[in-house]
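So this one's target_24.cif, mmCIF, C-alpha atoms:
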data_data
#
loop_
_atom_site.label_atom_id
_atom_site.label_comp_id
_atom_site.auth_asym_id
_atom_site.auth_seq_id
_atom_site.Cartn_x
_atom_site.Cartn_y
_atom_site.Cartn_z
CA MET A 1 214.34 111.84 245.15
CA THR A 2 215.10 110.49 241.71
CA GLN A 3 212.35 109.41 239.35
CA ARG A 4 212.28 105.74 238.44
CA HIS A 5 210.48 103.63 235.88
CA PRO A 6 207.56 102.07 237.77
CA ILE A 7 208.10 98.46 236.67
CA LEU A 8 211.89 98.22 237.03
CA PRO A 9 213.61 97.09 240.21
CA THR A 10 214.99 100.12 242.03
CA TRP A 11 218.63 99.07 241.60
CA GLN A 12 218.29 99.04 237.81
CA GLY A 13 217.94 102.79 237.52
CA ASP A 14 221.25 103.17 239.35
CA VAL A 15 223.37 101.08 236.96
CA ARG A 16 225.72 103.30 234.98
CA ILE A 17 228.20 102.37 232.30
CA LYS A 18 230.62 105.03 231.09
CA GLY A 19 228.40 107.66 232.68
CA TYR A 20 225.19 106.53 230.97
CA ARG A 21 222.32 104.94 232.82
CA ILE A 22 221.35 101.47 231.64
CA GLU A 23 217.57 101.23 231.50
CA SER A 24 217.11 97.45 231.60
CA ILE A 25 218.76 94.33 232.86
CA VAL A 26 218.57 92.96 229.31
CA GLU A 27 220.77 95.83 228.03
CA LEU A 28 223.16 95.21 230.93
CA ALA A 29 223.44 91.53 229.93
CA VAL A 30 224.25 92.56 226.35
CA TYR A 31 226.88 95.04 227.52
CA ARG A 32 228.54 92.45 229.77
CA ARG A 33 228.78 90.02 226.84
CA ILE A 34 230.11 92.78 224.57
CA GLU A 35 232.87 93.45 227.12
CA ARG A 36 233.93 89.80 226.96
CA ILE A 37 234.02 89.27 223.20
CA CYS A 38 234.58 92.67 221.58
CA PRO A 39 237.47 92.63 219.08
CA GLN A 40 240.19 95.23 219.60
CA ALA A 41 239.42 96.84 216.24
CA VAL A 42 235.93 97.80 217.45
CA ARG A 43 235.16 100.49 220.01
CA VAL A 44 231.80 100.31 221.78
CA MET A 45 229.84 103.39 222.79
CA VAL A 46 226.92 103.25 225.23
CA GLN A 47 223.88 105.28 224.15
CA PRO A 48 225.60 107.13 221.29
CA PRO A 49 223.61 109.67 219.30
CA VAL A 50 222.36 108.32 216.00
CA ARG A 51 224.00 110.83 213.67
CA GLU A 52 221.97 109.80 210.65
CA SER A 53 218.65 110.32 212.45
CA VAL A 54 216.52 113.34 211.55
CA VAL A 55 215.35 113.70 215.16
CA GLN A 56 217.64 113.63 218.15
CA ALA A 57 217.90 109.94 219.01
CA ARG A 58 220.22 107.59 220.85
CA ALA A 59 220.99 103.96 220.18
CA ASP A 60 221.50 101.40 222.92
CA PHE A 61 225.04 100.73 221.69
CA GLY A 62 227.22 101.91 218.84
CA LEU A 63 230.06 99.96 217.26
CA TYR A 64 232.83 102.23 215.98
CA VAL A 65 235.57 101.14 213.60
CA ARG A 66 238.45 103.53 212.81
CA GLY A 67 236.68 106.23 214.84
CA LYS A 68 233.48 106.22 212.80
CA PRO A 69 230.10 104.82 213.83
CA THR A 70 229.53 101.85 211.57
CA LEU A 71 226.73 99.90 213.24
CA TYR A 72 224.17 100.47 215.96
CA VAL A 73 222.81 97.78 218.27
CA GLU A 74 219.27 98.01 219.61
CA VAL A 75 218.11 95.69 222.37
CA VAL A 76 214.43 94.82 222.30
CA GLY A 77 214.09 93.40 225.78
CA THR A 78 210.35 92.78 225.73
CA VAL A 79 209.73 91.16 222.33
CA THR A 80 210.94 87.81 221.00
CA ARG A 81 212.25 87.12 217.50
CA ASP A 82 208.86 85.79 216.44
CA GLY A 83 207.18 89.05 217.50
CA ARG A 84 205.57 87.92 220.76
CA SER A 85 205.55 90.29 223.72
CA VAL A 86 206.79 88.79 226.97
CA SER A 87 203.92 90.24 229.04
CA GLU A 88 200.85 92.45 228.88
CA ASP A 89 202.97 95.37 230.10
CA ALA A 90 205.44 94.66 227.31
CA GLU A 91 202.64 94.67 224.75
CA GLY A 92 201.91 98.24 225.81
CA LEU A 93 205.47 99.16 224.85
CA ARG A 94 205.22 97.70 221.33
CA ASN A 95 204.40 101.00 219.59
CA ALA A 96 207.32 102.77 221.27
CA ILE A 97 209.67 99.95 220.27
CA GLU A 98 208.51 100.06 216.67
CA GLU A 99 208.89 103.85 216.56
CA ARG A 100 212.39 103.54 218.00
CA LEU A 101 213.38 101.03 215.33
CA LEU A 102 211.89 103.10 212.51
CA ARG A 103 214.51 105.81 213.02
CA TYR A 104 217.07 103.51 211.40
CA VAL A 105 215.11 102.67 208.24
CA GLY A 106 217.10 103.88 205.25
CA ALA A 107 219.45 105.88 207.47
CA ALA A 108 221.79 103.74 209.55
CA PRO A 109 222.78 100.08 209.79
CA VAL A 110 221.38 98.45 212.91
CA GLU A 111 221.39 95.02 214.50
CA VAL A 112 218.33 94.27 216.61
CA LEU A 113 218.75 91.85 219.51
CA HIS A 114 215.56 90.33 220.93
CA ILE A 115 215.05 89.11 224.48
CA ASP A 116 215.15 85.42 223.55
CA GLU A 117 218.51 85.95 221.86
CA VAL A 118 219.86 87.76 224.91
CA CYS A 119 218.63 85.07 227.32
CA ASP A 120 220.55 82.34 225.46
CA PRO A 121 224.29 83.02 225.99
CA ALA A 122 225.37 81.00 222.94
CA THR A 123 222.90 82.79 220.67
CA LEU A 124 223.86 86.17 222.12
CA THR A 125 227.55 85.47 221.54
CA THR A 126 226.84 84.39 217.96
CA ARG A 127 224.67 87.44 217.21
CA LEU A 128 227.21 89.86 218.67
CA GLY A 129 229.97 88.14 216.71
CA GLN A 130 227.90 88.71 213.57
CA ALA A 131 227.41 92.36 214.53
CA PHE A 132 231.16 92.87 215.07
CA ALA A 133 231.94 91.24 211.71
CA ARG A 134 229.33 93.38 209.97
CA ALA A 135 230.66 96.56 211.61
CA GLN A 136 234.19 95.80 210.46
CA ALA A 137 233.00 95.02 206.92
CA LEU A 138 231.05 98.29 206.50
#

Translate the structure of the given file into structure tokens.
Amino acid sequence: MTQRHPILPTWQGDVRIKGYRIESIVELAVYRRIERICPQAVRVMVQPPVRESVVQARADFGLYVRGKPTLYVEVVGTVTRDGRSVSEDAEGLRNAIEERLLRYVGAAPVEVLHIDEVCDPATLTTRLGQAFARAQAL
């Protein structure tokens, strides 16, 4: 029997992209949008290691230009842009989210996508377009 996160639907733990398990439906939504709008000059990696990190860490997505990681994308699927948690359970995850984001400070460029941005297709498309442009400019 495989171990599953207790608050995720059982099917979610079975979703794999390029051999990596997607941990949330919010990340899956981001990946599906990335597939639709990704420029040819950018290669997307799912859960790439963050090379600049002191500890072994993985990003949700990595944008690679000319074979080099230029930008990481982190999906914060439980916190909105204004810092509100979407539920009491999500509030319990706040420290882990903040620790995860701290690994990028001063080390690697990162775009953070919040749940309210992911839930609005137009905003998500705009934010990912900005991330692709930033990755190509770095």

Using only C-alpha atoms, the residue out of A:Ile97, A:Gln47, A:Ala131, A:Arg32 with shortest distance to Gly77 (chain A) is A:Ile97

Record the distance separating CA of Val65 (chain A) and CA of Val42 (chain A), expressed in Å with one decimal.
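Distance reported for this atom pair: 5.1 Å.
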
If we count only C-alpha atoms and set the cut-off at 8 Å, which residues sit around region 112-117 of chain A, ignoring sequence neighbours fewer than 2 positions away in its own chain? Please answer as a PDB file with C-alpha atoms, keeping the file's coordinate frame.
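So the final result, stored in selection_25.pdb, reads:
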ATOM      1  CA  VAL A  26     218.570  92.960 229.310  1.00  0.00           C
ATOM      2  CA  VAL A  73     222.810  97.780 218.270  1.00  0.00           C
ATOM      3  CA  GLU A  74     219.270  98.010 219.610  1.00  0.00           C
ATOM      4  CA  VAL A  75     218.110  95.690 222.370  1.00  0.00           C
ATOM      5  CA  VAL A  76     214.430  94.820 222.300  1.00  0.00           C
ATOM      6  CA  GLY A  77     214.090  93.400 225.780  1.00  0.00           C
ATOM      7  CA  THR A  78     210.350  92.780 225.730  1.00  0.00           C
ATOM      8  CA  VAL A  79     209.730  91.160 222.330  1.00  0.00           C
ATOM      9  CA  THR A  80     210.940  87.810 221.000  1.00  0.00           C
ATOM     10  CA  ARG A  81     212.250  87.120 217.500  1.00  0.00           C
ATOM     11  CA  VAL A 110     221.380  98.450 212.910  1.00  0.00           C
ATOM     12  CA  CYS A 119     218.630  85.070 227.320  1.00  0.00           C
ATOM     13  CA  ASP A 120     220.550  82.340 225.460  1.00  0.00           C
ATOM     14  CA  PRO A 121     224.290  83.020 225.990  1.00  0.00           C
ATOM     15  CA  THR A 123     222.900  82.790 220.670  1.00  0.00           C
ATOM     16  CA  LEU A 124     223.860  86.170 222.120  1.00  0.00           C
ATOM     17  CA  ARG A 127     224.670  87.440 217.210  1.00  0.00           C
TER      18      ARG A 127
END

Under the PyMOL selection byres ((chain A and resi 20) around 12), which residues of this model are included? Write them out as a ChimeraX atom specification.
/A:13-19,21-23,27-28,45-48,58-61

How many Å separate CA of Val50 (chain A) from CA of Ala90 (chain A)?
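Here the two named atoms are 24.5 Å from each other.
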